[in-house]
file structure_10.cif (mmCIF, C-alpha atoms)
data_model
#
loop_
_atom_site.label_atom_id
_atom_site.label_comp_id
_atom_site.auth_asym_id
_atom_site.auth_seq_id
_atom_site.Cartn_x
_atom_site.Cartn_y
_atom_site.Cartn_z
CA MET A 167 -62.82 43.28 -114.23
CA MET A 168 -60.93 45.32 -111.66
CA ARG A 169 -59.05 47.04 -114.45
CA GLU A 170 -62.26 47.87 -116.24
CA THR A 171 -63.87 49.57 -113.24
CA ARG A 172 -60.71 51.54 -112.62
CA ILE A 173 -60.60 52.83 -116.18
CA ARG A 174 -64.21 53.88 -116.04
CA ARG A 175 -63.67 56.06 -112.99
CA LEU A 176 -61.18 58.44 -114.58
CA PRO A 177 -63.62 60.29 -116.88
CA VAL A 178 -66.06 60.54 -113.96
CA ALA A 179 -63.51 62.20 -111.70
CA LEU A 180 -62.22 64.45 -114.49
CA SER A 181 -65.66 65.64 -115.57
CA ALA A 182 -66.63 66.30 -111.95
CA LEU A 183 -63.48 68.38 -111.41
CA VAL A 184 -64.08 70.44 -114.55
CA ALA A 185 -67.69 71.01 -113.53
CA LEU A 186 -66.55 72.08 -110.06
CA ALA A 187 -64.17 74.60 -111.63
CA LEU A 188 -67.01 75.91 -113.82
CA ALA A 189 -69.08 76.38 -110.66
CA VAL A 190 -66.61 78.94 -109.25
CA LEU A 191 -65.54 80.55 -112.54
CA PRO A 192 -65.98 84.29 -112.07
CA LEU A 193 -68.78 85.68 -114.24
CA PRO A 194 -70.21 89.19 -114.53
CA GLU A 195 -72.90 89.74 -111.94
CA VAL A 196 -75.69 89.97 -114.52
CA VAL A 197 -74.87 86.53 -115.94
CA ASP A 198 -74.15 84.97 -112.54
CA ALA A 199 -77.78 84.24 -111.70
CA PHE A 200 -78.13 82.34 -114.97
CA ARG A 201 -75.22 79.99 -114.26
CA PRO A 202 -76.46 76.41 -114.61
CA ASP A 203 -75.47 73.87 -111.96
CA PHE A 204 -72.81 72.12 -114.06
CA LEU A 205 -71.71 69.69 -111.39
CA VAL A 206 -75.32 68.64 -110.73
CA LEU A 207 -75.84 67.92 -114.42
CA VAL A 208 -72.62 65.91 -114.55
CA VAL A 209 -73.67 63.88 -111.49
CA PHE A 210 -77.07 63.24 -113.08
CA TYR A 211 -75.38 62.07 -116.27
CA TRP A 212 -73.22 59.51 -114.45
CA CYS A 213 -76.18 58.39 -112.30
CA ILE A 214 -78.17 57.74 -115.49
CA GLU A 215 -75.52 56.31 -117.81
CA SER A 216 -73.21 54.47 -115.46
CA PRO A 217 -74.50 54.31 -111.89
CA ARG A 218 -71.72 51.97 -110.81
CA ALA A 219 -68.97 54.36 -111.86
CA GLY A 220 -70.01 57.08 -109.48
CA GLY A 221 -73.40 56.50 -107.98
CA LEU A 222 -74.57 58.11 -104.80
CA SER A 223 -71.07 58.38 -103.34
CA LEU A 224 -70.19 60.68 -106.22
CA ALA A 225 -73.40 62.63 -105.61
CA PHE A 226 -72.76 62.98 -101.88
CA PHE A 227 -69.12 64.03 -102.15
CA SER A 228 -69.77 66.38 -105.08
CA GLY A 229 -72.44 68.00 -102.93
CA LEU A 230 -69.99 68.32 -100.07
CA ALA A 231 -67.47 69.96 -102.41
CA LEU A 232 -70.16 72.45 -103.49
CA ASP A 233 -70.93 73.20 -99.82
CA VAL A 234 -67.30 73.99 -99.07
CA ILE A 235 -66.78 76.05 -102.23
CA HIS A 236 -70.02 78.03 -101.88
CA GLY A 237 -69.38 78.50 -98.16
CA VAL A 238 -72.86 77.46 -97.05
CA VAL A 239 -73.91 75.17 -94.22
CA LEU A 240 -72.15 71.79 -94.63
CA GLY A 241 -74.45 69.09 -96.01
CA GLN A 242 -76.89 71.33 -97.87
CA HIS A 243 -75.86 70.57 -101.43
CA ALA A 244 -74.87 67.04 -100.34
CA LEU A 245 -78.44 66.32 -99.18
CA ALA A 246 -80.04 67.79 -102.30
CA LEU A 247 -77.66 66.05 -104.67
CA THR A 248 -77.98 62.67 -102.88
CA LEU A 249 -81.77 62.69 -103.02
CA MET A 250 -82.01 63.87 -106.61
CA GLY A 251 -79.15 61.60 -107.68
CA ALA A 252 -81.04 58.65 -106.19
CA TRP A 253 -84.15 59.68 -108.09
CA ALA A 254 -82.18 59.98 -111.34
CA THR A 255 -80.63 56.55 -110.74
CA HIS A 256 -84.08 55.12 -110.11
CA LEU A 257 -85.41 56.57 -113.37
CA ARG A 258 -82.30 55.86 -115.45
CA LEU A 259 -83.63 52.95 -117.54
CA ARG A 260 -86.58 55.04 -118.60
CA ILE A 261 -84.62 58.27 -119.15
CA ARG A 262 -82.18 56.47 -121.48
CA VAL A 263 -84.94 55.64 -123.98
CA PHE A 264 -86.70 59.01 -123.72
CA SER A 265 -86.72 61.49 -126.60
CA VAL A 266 -84.52 64.54 -126.16
CA LEU A 267 -87.47 66.71 -125.18
CA SER A 268 -88.69 64.28 -122.51
CA GLN A 269 -85.15 63.98 -121.20
CA CYS A 270 -84.94 67.75 -120.86
CA LEU A 271 -88.26 67.86 -119.03
CA THR A 272 -87.16 65.11 -116.63
CA ILE A 273 -83.88 66.90 -115.97
CA PHE A 274 -85.82 70.11 -115.41
CA ALA A 275 -87.94 68.33 -112.77
CA LEU A 276 -84.83 66.91 -111.09
CA LEU A 277 -83.06 70.30 -111.09
CA THR A 278 -86.14 72.01 -109.70
CA GLY A 279 -86.31 69.42 -106.93
CA TYR A 280 -82.62 70.02 -106.25
CA GLN A 281 -83.14 73.79 -106.10
CA PHE A 282 -86.16 73.33 -103.85
CA ILE A 283 -84.19 71.29 -101.30
CA LEU A 284 -81.51 74.01 -101.30
CA PHE A 285 -84.20 76.63 -100.84
CA TRP A 286 -85.73 74.67 -97.99
CA VAL A 287 -82.43 74.12 -96.15
CA ASP A 288 -81.60 77.84 -96.64
CA GLY A 289 -84.88 78.71 -94.96
CA ALA A 290 -84.55 76.08 -92.21
CA THR A 291 -81.07 77.29 -91.25
CA GLY A 292 -82.15 80.91 -91.13
CA ASN A 293 -80.60 82.44 -94.28
CA PRO A 294 -83.54 82.54 -96.66
CA VAL A 295 -82.72 83.64 -100.22
CA THR A 296 -86.04 84.64 -101.70
CA THR A 297 -84.91 86.18 -104.98
CA PHE A 298 -86.88 84.77 -107.84
CA SER A 299 -83.81 84.40 -110.05
CA ARG A 300 -82.65 81.24 -108.27
CA TRP A 301 -85.41 79.34 -110.08
CA LEU A 302 -83.81 80.26 -113.43
CA ALA A 303 -80.88 77.86 -113.01
CA PRO A 304 -83.00 74.67 -113.47
CA PHE A 305 -84.43 76.11 -116.70
CA ILE A 306 -81.02 76.93 -118.15
CA GLY A 307 -79.66 73.58 -116.93
CA ALA A 308 -82.43 71.65 -118.69
CA LEU A 309 -81.77 73.56 -121.92
CA LEU A 310 -78.09 72.71 -121.64
CA TRP A 311 -78.70 68.98 -121.00
CA PRO A 312 -78.65 67.72 -124.66
CA LEU A 313 -75.32 69.44 -125.32
CA LEU A 314 -73.77 68.32 -122.05
CA SER A 315 -74.92 64.71 -122.33
CA ASN A 316 -73.50 64.58 -125.86
CA VAL A 317 -70.12 65.88 -124.73
CA LEU A 318 -70.04 63.54 -121.75
CA SER A 319 -70.99 60.51 -123.82
CA LYS A 320 -68.00 61.28 -126.10
CA VAL A 321 -65.79 61.34 -123.00
CA HIS A 322 -67.50 58.22 -121.69
CA GLU A 323 -67.00 56.14 -124.83
CA ARG A 324 -63.37 57.01 -125.25
CA MET B 15 -89.72 49.87 -101.54
CA VAL B 16 -89.46 46.93 -103.88
CA ALA B 17 -89.78 49.24 -106.85
CA PHE B 18 -86.89 51.27 -105.56
CA ARG B 19 -84.57 48.26 -105.51
CA SER B 20 -83.32 47.78 -109.00
CA THR B 21 -80.84 45.55 -110.74
CA ASP B 22 -78.26 46.96 -113.09
CA ALA B 23 -76.86 45.42 -116.26
CA SER B 24 -74.59 42.95 -114.51
CA GLY B 25 -77.49 41.58 -112.47
CA ARG B 26 -76.09 42.88 -109.18
CA THR B 27 -78.72 44.26 -106.83
CA THR B 28 -77.96 47.79 -105.77
CA GLY B 29 -79.42 48.84 -102.47
CA LEU B 30 -80.26 52.25 -103.90
CA LEU B 31 -82.81 53.09 -101.25
CA PHE B 32 -80.47 51.99 -98.47
CA ARG B 33 -77.60 54.12 -99.74
CA CYS B 34 -79.91 57.04 -100.43
CA VAL B 35 -81.24 56.99 -96.85
CA LEU B 36 -77.73 56.53 -95.44
CA TYR B 37 -76.23 59.49 -97.32
CA SER B 38 -79.28 61.69 -96.69
CA LEU B 39 -79.10 61.03 -92.95
CA LEU B 40 -75.38 61.78 -93.05
CA ALA B 41 -76.06 65.07 -94.87
CA LEU B 42 -78.87 66.01 -92.49
CA GLY B 43 -76.61 65.22 -89.54
CA LEU B 44 -73.92 67.47 -91.02
CA ILE B 45 -76.41 70.30 -91.49
CA ILE B 46 -77.62 70.05 -87.90
CA VAL B 47 -74.15 69.76 -86.37
CA ASP B 48 -72.80 72.60 -88.52
CA LYS B 49 -75.74 74.84 -87.67
CA ARG B 50 -76.20 74.06 -83.98
CA TYR B 51 -72.70 73.40 -82.74
CA ASP B 52 -69.31 74.79 -83.54
CA HIS B 53 -67.41 71.52 -83.81
CA LEU B 54 -67.05 71.52 -87.57
CA GLY B 55 -64.75 74.54 -87.75
CA LYS B 56 -61.61 72.40 -87.92
CA ILE B 57 -63.10 70.02 -90.51
CA ARG B 58 -64.24 72.93 -92.62
CA ARG B 59 -60.81 74.49 -92.38
CA LEU B 60 -59.25 71.26 -93.67
CA LEU B 61 -61.85 70.94 -96.43
CA SER B 62 -61.16 74.50 -97.52
CA VAL B 63 -57.50 73.55 -97.97
CA VAL B 64 -58.64 70.72 -100.28
CA ALA B 65 -60.77 73.18 -102.25
CA TYR B 66 -57.89 75.66 -102.52
CA PRO B 67 -56.22 74.08 -105.60
CA VAL B 68 -59.50 74.24 -107.55
CA GLN B 69 -59.97 77.86 -106.59
CA VAL B 70 -56.38 78.74 -107.47
CA ALA B 71 -56.66 76.86 -110.78
CA VAL B 72 -59.75 78.85 -111.69
CA ALA B 73 -58.33 82.17 -110.52
CA SER B 74 -54.87 81.83 -112.05
CA PRO B 75 -55.81 82.45 -115.73
CA PHE B 76 -57.43 85.73 -114.68
CA GLU B 77 -54.42 86.67 -112.57
CA GLY B 78 -52.18 85.71 -115.50
CA TRP B 79 -54.18 87.87 -117.90
CA ASN B 80 -54.01 90.81 -115.49
CA TRP B 81 -50.28 90.34 -115.12
CA PHE B 82 -49.88 90.16 -118.89
CA ARG B 83 -51.96 93.28 -119.40
CA ASP B 84 -49.96 95.10 -116.73
CA SER B 85 -46.65 94.13 -118.25
CA VAL B 86 -47.48 95.22 -121.80
CA THR B 87 -48.92 98.66 -121.01
CA THR B 88 -47.38 101.36 -123.12
CA ARG B 89 -45.24 104.20 -121.91
CA ASP B 90 -48.01 106.71 -122.60
CA VAL B 91 -50.45 104.87 -120.34
CA LEU B 92 -47.87 104.69 -117.57
CA ARG B 93 -47.09 108.39 -117.92
CA ALA B 94 -50.77 109.27 -117.78
CA ASP B 95 -51.15 107.09 -114.69
CA LYS B 96 -48.17 108.73 -113.07
CA THR B 97 -49.50 112.24 -113.68
CA LYS B 98 -52.88 111.25 -112.27
CA LEU B 99 -51.37 109.64 -109.17
CA GLU B 100 -49.15 112.64 -108.55
CA ALA B 101 -52.16 114.92 -108.70
CA GLU B 102 -54.04 112.68 -106.26
CA LEU B 103 -51.04 112.57 -103.95
CA ARG B 104 -50.84 116.38 -103.92
CA VAL B 105 -54.45 116.66 -102.87
CA ALA B 106 -54.03 113.91 -100.26
CA GLN B 107 -50.93 115.55 -98.77
CA PHE B 108 -52.70 118.88 -98.65
CA ARG B 109 -55.51 117.28 -96.66
CA LEU B 110 -53.04 115.43 -94.46
CA GLN B 111 -51.37 118.65 -93.32
CA ARG B 112 -54.16 119.35 -90.90
CA TYR B 113 -54.70 115.73 -89.94
CA GLU B 114 -52.04 115.52 -87.21
CA ALA B 115 -53.33 118.63 -85.53
CA LEU B 116 -56.91 117.38 -85.76
CA GLU B 117 -56.01 114.00 -84.33
CA ALA B 118 -54.24 115.57 -81.37
CA GLU B 119 -57.25 117.77 -80.78
CA THR B 120 -59.58 114.77 -80.96
CA GLN B 121 -57.46 112.88 -78.45
CA ARG B 122 -57.57 115.88 -76.07
CA LEU B 123 -61.34 116.14 -76.41
CA ARG B 124 -61.78 112.41 -75.90
CA ALA B 125 -59.57 112.52 -72.81
CA LEU B 126 -61.82 115.26 -71.46
CA ARG B 127 -64.77 112.94 -71.84
CA ASP B 128 -62.88 110.03 -70.26
CA ASN B 129 -63.47 107.99 -73.31
CA THR B 130 -61.10 106.64 -75.92
CA ALA B 131 -62.40 104.99 -79.01
CA ASP B 132 -60.99 101.76 -80.39
CA VAL B 133 -57.76 102.42 -82.22
CA THR B 134 -56.55 100.47 -85.20
CA GLU B 135 -53.55 98.48 -84.10
CA ARG B 136 -52.32 96.87 -87.27
CA PHE B 137 -53.62 95.63 -90.58
CA VAL B 138 -52.88 93.05 -93.24
CA VAL B 139 -53.59 93.43 -96.95
CA GLY B 140 -55.37 90.54 -98.71
CA ASP B 141 -56.20 90.01 -102.37
CA VAL B 142 -59.69 89.09 -103.54
CA MET B 143 -59.46 85.82 -105.46
CA SER B 144 -61.14 85.69 -108.87
CA VAL B 145 -63.66 83.09 -107.74
CA ASP B 146 -67.42 83.32 -107.52
CA LEU B 147 -68.88 81.99 -104.28
CA ASP B 148 -72.64 82.21 -104.49
CA ALA B 149 -74.74 84.19 -106.93
CA PHE B 150 -77.31 85.11 -104.30
CA ARG B 151 -75.06 86.21 -101.47
CA GLU B 152 -72.66 89.12 -101.40
CA ARG B 153 -69.43 87.40 -100.43
CA VAL B 154 -65.87 87.25 -101.70
CA LEU B 155 -62.96 84.89 -101.13
CA VAL B 156 -59.68 86.44 -99.99
CA ASP B 157 -56.26 84.80 -100.05
CA LYS B 158 -55.52 85.29 -96.32
CA GLY B 159 -56.68 82.80 -93.72
CA ALA B 160 -56.21 81.51 -90.19
CA GLY B 161 -52.52 81.08 -90.98
CA ASP B 162 -52.24 84.88 -91.19
CA GLY B 163 -54.17 85.42 -87.96
CA ILE B 164 -57.48 86.33 -89.58
CA TYR B 165 -60.45 85.70 -87.27
CA VAL B 166 -64.20 85.54 -87.70
CA GLY B 167 -65.89 88.92 -87.25
CA GLN B 168 -62.79 90.92 -88.18
CA ALA B 169 -63.42 94.26 -89.88
CA VAL B 170 -62.41 94.56 -93.54
CA LEU B 171 -61.85 97.90 -95.28
CA ASP B 172 -60.83 98.96 -98.75
CA SER B 173 -59.36 102.25 -99.94
CA GLY B 174 -62.81 103.88 -100.10
CA GLY B 175 -64.28 102.79 -96.79
CA VAL B 176 -65.81 99.88 -94.94
CA PHE B 177 -66.00 96.75 -97.09
CA GLY B 178 -67.42 94.10 -94.76
CA GLN B 179 -66.36 91.59 -92.14
CA VAL B 180 -64.89 88.11 -92.09
CA ALA B 181 -67.63 85.50 -92.13
CA ARG B 182 -65.61 82.30 -92.23
CA VAL B 183 -61.94 81.45 -91.96
CA GLY B 184 -60.07 78.65 -93.71
CA GLN B 185 -56.42 77.80 -93.25
CA LEU B 186 -55.32 79.62 -96.42
CA THR B 187 -58.38 81.61 -97.41
CA SER B 188 -61.24 83.45 -95.76
CA GLU B 189 -64.69 84.54 -96.79
CA VAL B 190 -65.66 88.16 -96.39
CA ILE B 191 -69.32 89.12 -96.14
CA LEU B 192 -69.89 92.49 -97.81
CA VAL B 193 -71.77 95.34 -96.13
CA SER B 194 -74.30 94.97 -98.95
CA ASP B 195 -75.22 91.34 -98.10
CA ALA B 196 -78.84 91.03 -97.03
CA ALA B 197 -77.70 89.36 -93.80
CA HIS B 198 -75.28 92.15 -92.86
CA ALA B 199 -75.91 95.15 -90.60
CA ILE B 200 -73.44 97.78 -89.43
CA PRO B 201 -73.81 100.48 -86.74
CA VAL B 202 -73.35 103.89 -88.36
CA GLN B 203 -73.61 107.56 -87.61
CA ILE B 204 -74.42 110.51 -89.83
CA ASN B 205 -71.27 112.59 -89.94
CA ARG B 206 -73.10 115.94 -90.14
CA ASN B 207 -75.13 115.64 -86.93
CA GLY B 208 -74.01 112.47 -85.16
CA LEU B 209 -77.37 110.72 -85.55
CA ARG B 210 -76.81 107.00 -84.89
CA THR B 211 -78.58 104.22 -86.72
CA ILE B 212 -77.95 100.89 -88.41
CA ALA B 213 -77.19 100.37 -92.11
CA VAL B 214 -78.50 97.08 -93.47
CA GLY B 215 -77.46 95.39 -96.72
CA THR B 216 -80.00 94.81 -99.47
CA GLY B 217 -78.39 92.01 -101.49
CA GLU B 218 -77.68 94.51 -104.29
CA THR B 219 -74.02 95.43 -104.54
CA ASN B 220 -74.46 99.18 -104.82
CA ARG B 221 -77.20 99.84 -102.29
CA LEU B 222 -77.56 99.77 -98.51
CA LYS B 223 -80.58 101.04 -96.61
CA LEU B 224 -81.33 102.66 -93.27
CA PRO B 225 -84.58 100.99 -92.22
CA TYR B 226 -84.80 102.33 -88.66
CA LEU B 227 -84.97 106.10 -89.15
CA PRO B 228 -88.27 107.88 -88.40
CA THR B 229 -89.76 110.09 -91.13
CA SER B 230 -88.88 113.15 -89.05
CA ALA B 231 -85.18 112.24 -88.78
CA ASP B 232 -82.66 114.86 -89.84
CA VAL B 233 -81.16 113.10 -92.84
CA LEU B 234 -80.48 114.58 -96.27
CA ALA B 235 -79.33 113.18 -99.59
CA GLY B 236 -75.55 113.56 -99.78
CA ASP B 237 -74.92 113.09 -96.05
CA LEU B 238 -71.83 111.04 -95.23
CA LEU B 239 -72.30 107.93 -93.10
CA VAL B 240 -69.39 106.81 -90.93
CA THR B 241 -69.01 103.86 -88.58
CA SER B 242 -70.06 104.69 -85.04
CA GLY B 243 -67.76 102.13 -83.43
CA LEU B 244 -70.63 100.72 -81.39
CA GLY B 245 -70.71 96.95 -81.33
CA GLY B 246 -66.94 96.72 -81.21
CA VAL B 247 -66.45 95.09 -84.62
CA PHE B 248 -65.69 98.11 -86.78
CA PRO B 249 -63.33 100.94 -85.82
CA ALA B 250 -65.13 104.26 -85.43
CA GLY B 251 -65.03 107.02 -88.01
CA TYR B 252 -64.54 105.13 -91.28
CA PRO B 253 -66.82 106.08 -94.19
CA VAL B 254 -69.58 103.57 -94.96
CA GLY B 255 -71.42 105.45 -97.68
CA THR B 256 -73.36 108.51 -98.70
CA ILE B 257 -77.11 108.94 -98.54
CA ALA B 258 -78.40 108.55 -102.09
CA GLU B 259 -82.10 109.13 -101.62
CA VAL B 260 -84.55 109.82 -98.80
CA LYS B 261 -88.19 108.93 -99.37
CA ARG B 262 -90.59 110.24 -96.75
CA ASP B 263 -94.11 108.92 -96.89
CA PRO B 264 -96.25 110.79 -94.32
CA ALA B 265 -98.43 107.69 -93.93
CA GLN B 266 -95.43 105.64 -92.72
CA SER B 267 -93.65 106.06 -89.42
CA LEU B 268 -90.24 105.16 -90.88
CA ALA B 269 -88.40 106.84 -93.73
CA ASP B 270 -87.07 104.93 -96.69
CA VAL B 271 -83.38 105.81 -97.00
CA ASP B 272 -81.02 104.48 -99.67
CA VAL B 273 -77.26 104.59 -99.18
CA LYS B 274 -74.52 104.30 -101.77
CA PRO B 275 -71.60 102.38 -100.24
CA ALA B 276 -68.24 104.18 -100.05
CA ALA B 277 -66.17 101.07 -100.71
CA ALA B 278 -65.90 99.81 -104.29
CA LEU B 279 -67.70 96.60 -103.39
CA ASP B 280 -67.73 95.18 -106.91
CA ARG B 281 -64.29 96.34 -107.99
CA SER B 282 -61.83 96.27 -105.09
CA LYS B 283 -59.03 93.76 -105.45
CA GLU B 284 -57.06 94.64 -102.34
CA LEU B 285 -58.65 94.60 -98.90
CA LEU B 286 -57.40 95.63 -95.48
CA PHE B 287 -57.96 93.31 -92.51
CA VAL B 288 -57.94 95.43 -89.36
CA TRP B 289 -56.96 94.56 -85.80
CA LEU B 290 -58.37 96.82 -83.09
CA LYS B 291 -56.74 97.83 -79.85
CA PRO B 292 -59.61 97.97 -77.39
CA GLN B 293 -58.64 100.93 -75.23
CA ALA B 294 -62.04 101.89 -73.94
CA ALA B 295 -62.37 98.62 -72.05
CA GLU B 296 -59.05 99.14 -70.27
CA LEU B 297 -59.72 102.72 -69.26
CA LEU B 298 -63.22 102.23 -67.95
CA PRO B 299 -63.46 101.29 -64.26
CA PRO B 300 -64.79 97.79 -63.66
CA PRO B 301 -68.58 97.82 -63.21
CA LYS B 302 -69.69 97.83 -59.59
CA PRO B 303 -71.78 94.87 -58.55
CA ALA B 304 -75.42 95.81 -58.14
CA PRO B 305 -76.44 96.06 -54.48
CA VAL B 306 -78.45 93.09 -53.38
CA PRO B 307 -81.74 94.19 -51.84
CA LYS B 308 -82.13 92.78 -48.35
CA LYS B 309 -85.41 91.49 -47.17
#
call {"tool": "encode", "arguments": {"input": "structure_10.cif", "output": "structure tokens"}}
result
Amino acid sequence: MMRETRIRRLPVALSALVALALAVLPLPEVVDAFRPDFLVLVVFYWCIESPRAGGLSLAFFSGLALDVIHGVVLGQHALALTLMGAWATHLRLRIRVFSVLSQCLTIFALLTGYQFILFWVDGATGNPVTTFSRWLAPFIGALLWPLLSNVLSKVHER
Amino acid sequence: MVAFRSTDASGRTTGLLFRCVLYSLLALGLIIVDKRYDHLGKIRRLLSVVAYPVQVAVASPFEGWNWFRDSVTTRDVLRADKTKLEAELRVAQFRLQRYEALEAETQRLRALRDNTADVTERFVVGDVMSVDLDAFRERVLVDKGAGDGIYVGQAVLDSGGVFGQVARVGQLTSEVILVSDAAHAIPVQINRNGLRTIAVGTGETNRLKLPYLPTSADVLAGDLLVTSGLGGVFPAGYPVGTIAEVKRDPAQSLADVDVKPAAALDRSKELLFVWLKPQAAELLPPPKPAPVPKK
């Protein structure tokens, strides 16, 4: 049993690290606003498919890592990712049997909620970012979900 | 509440709500402490060391590619580069001939006015790391940190002019906020007539604006903006940008002035961190205490 839980953690940690690297990968400025939140999608995937492998601890610490790497106020991404990760975990049994389209829509709602909490904390701490383009990331992320969940399930099963 | 408690496949009850509230409160606490107090500087410095390997891992392929491209350039390219650099050097040396004389003259004039501007004491060169920080803020990560003596608020220049200032310092890296960030403002002066104002970033890399100039102000497209040295962060006299466009709407009291930054904000790889020697403060007599009115 102990062995089993230990084996299941490795793909979680690896996928989170890769997603973190993708979050800081330099992109041309035009494309930068369209960058989906890879790490958020990965955290959602593990919350839905295997909540015991990562769960909210994964969500919280991934959020903290994003805070440090993006250089924003500590706890911003951690708060957003914890709340939305909890929501994803709560909905996981339903999301698993959804059609692909419904899954994408649910992920879109979760990502929008995530982005909204970021937006709110930005405003509350006095650095509002009001560009409209920040609301594009949830859209792109939802479109990317089927591909990403397929890749991750391959990693997961292996 | 009951609906939020759920059992997973193994039948174990997970206190999802409990953990959600716990972590959210922890995150909220972090936000408040980080925003209100300055105690998290050390923690953040340590965390930035943990993040360093990820950043290096992401940046290294780009550095490797650049190195590879540099090392396989052909002789013709190198020759062309050399000719170009020699030409630039000739022009620069020609301009430099008068510089010494001008500097001496400036010092004499400043001495006459009993006023010495801040003088650059020393500088350190840092490399911009190939890492994206935040799509919506104009910031870059540089590979020099507290270990090299970098401090928050330090002025950062590149070969063209003023680049920005240090916003946050880690042990090995530091974040530089560009002059074009929407949260950045820099005291400037129009070189032609000495008119002082403040240049504010717009969030677009190649545009600053001067929002506090009246419509009647003497400002023309093409004017050079230099730092005024007020505020004590930036050394005086470094180019900030040139006026790109002046829009005067008679119905408004303020003009709409666009500035093109002098520094190559989106291209510079090497940045200069500057230390200032505050001379003005030493030379000025200490302020006299205000006389207390007696009743």
call {"tool": "resolve_selection", "arguments": {"input": "structure_10.cif", "expression": "the PyMOL selection byres ((chain B) within 7 of (chain A))", "output": "PyMOL selection string"}}
result
chain B and resi 18+30+34+37-38+41-42+44-45+48-49+61-62+65+68+72+144-150
call {"tool": "atom_distance", "arguments": {"input": "structure_10.cif", "atom1": "CA of Leu176 (chain A)", "atom2": "CA of Pro67 (chain B)"}}
result
18.7 Å
call {"tool": "closest_residue", "arguments": {"input": "structure_10.cif", "among": "A:Val317, A:Ile273, A:Val263, A:Val209", "to": "Pro304 (chain A)", "atoms": "all atoms listed in the file"}}
result
A:Ile273
call {"tool": "atom_distance", "arguments": {"input": "structure_10.cif", "atom1": "CA of Val288 (chain B)", "atom2": "CA of Val64 (chain B)"}}
result
27.0 Å
call {"tool": "resolve_selection", "arguments": {"input": "structure_10.cif", "expression": "the PyMOL selection byres ((chain B and resi 142) around 8)", "output": "list in words"}}
result
Gly140, Asp141, Met143, Ser144, Val154, Leu155, Val156, Asp157, Ser282, Lys283, Glu284 and Leu285 of chain B
call {"tool": "residues_around", "arguments": {"input": "structure_10.cif", "residues": "Leu207 (chain A)", "least_positions_apart": "5", "cutoff": "9 Å", "atoms": "all atoms listed in the file", "output": "ChimeraX atom specification"}}
result
/A:185,202,212,273,277,307-308,310-311,314-315
call {"tool": "resolve_selection", "arguments": {"input": "structure_10.cif", "expression": "the PyMOL selection byres ((chain B and resi 216-224) around 8)", "output": "list in words"}}
result
Phe150, Arg151, Glu152, Val193, Ser194, Asp195, Ala196, Thr211, Ile212, Ala213, Val214, Gly215, Pro225, Tyr226, Leu227, Asp270, Val271, Asp272, Val273, Lys274, Pro275, Leu279 and Asp280 of chain B
call {"tool": "atom_distance", "arguments": {"input": "structure_10.cif", "atom1": "CA of Leu271 (chain A)", "atom2": "CA of Leu39 (chain B)"}}
result
28.5 Å
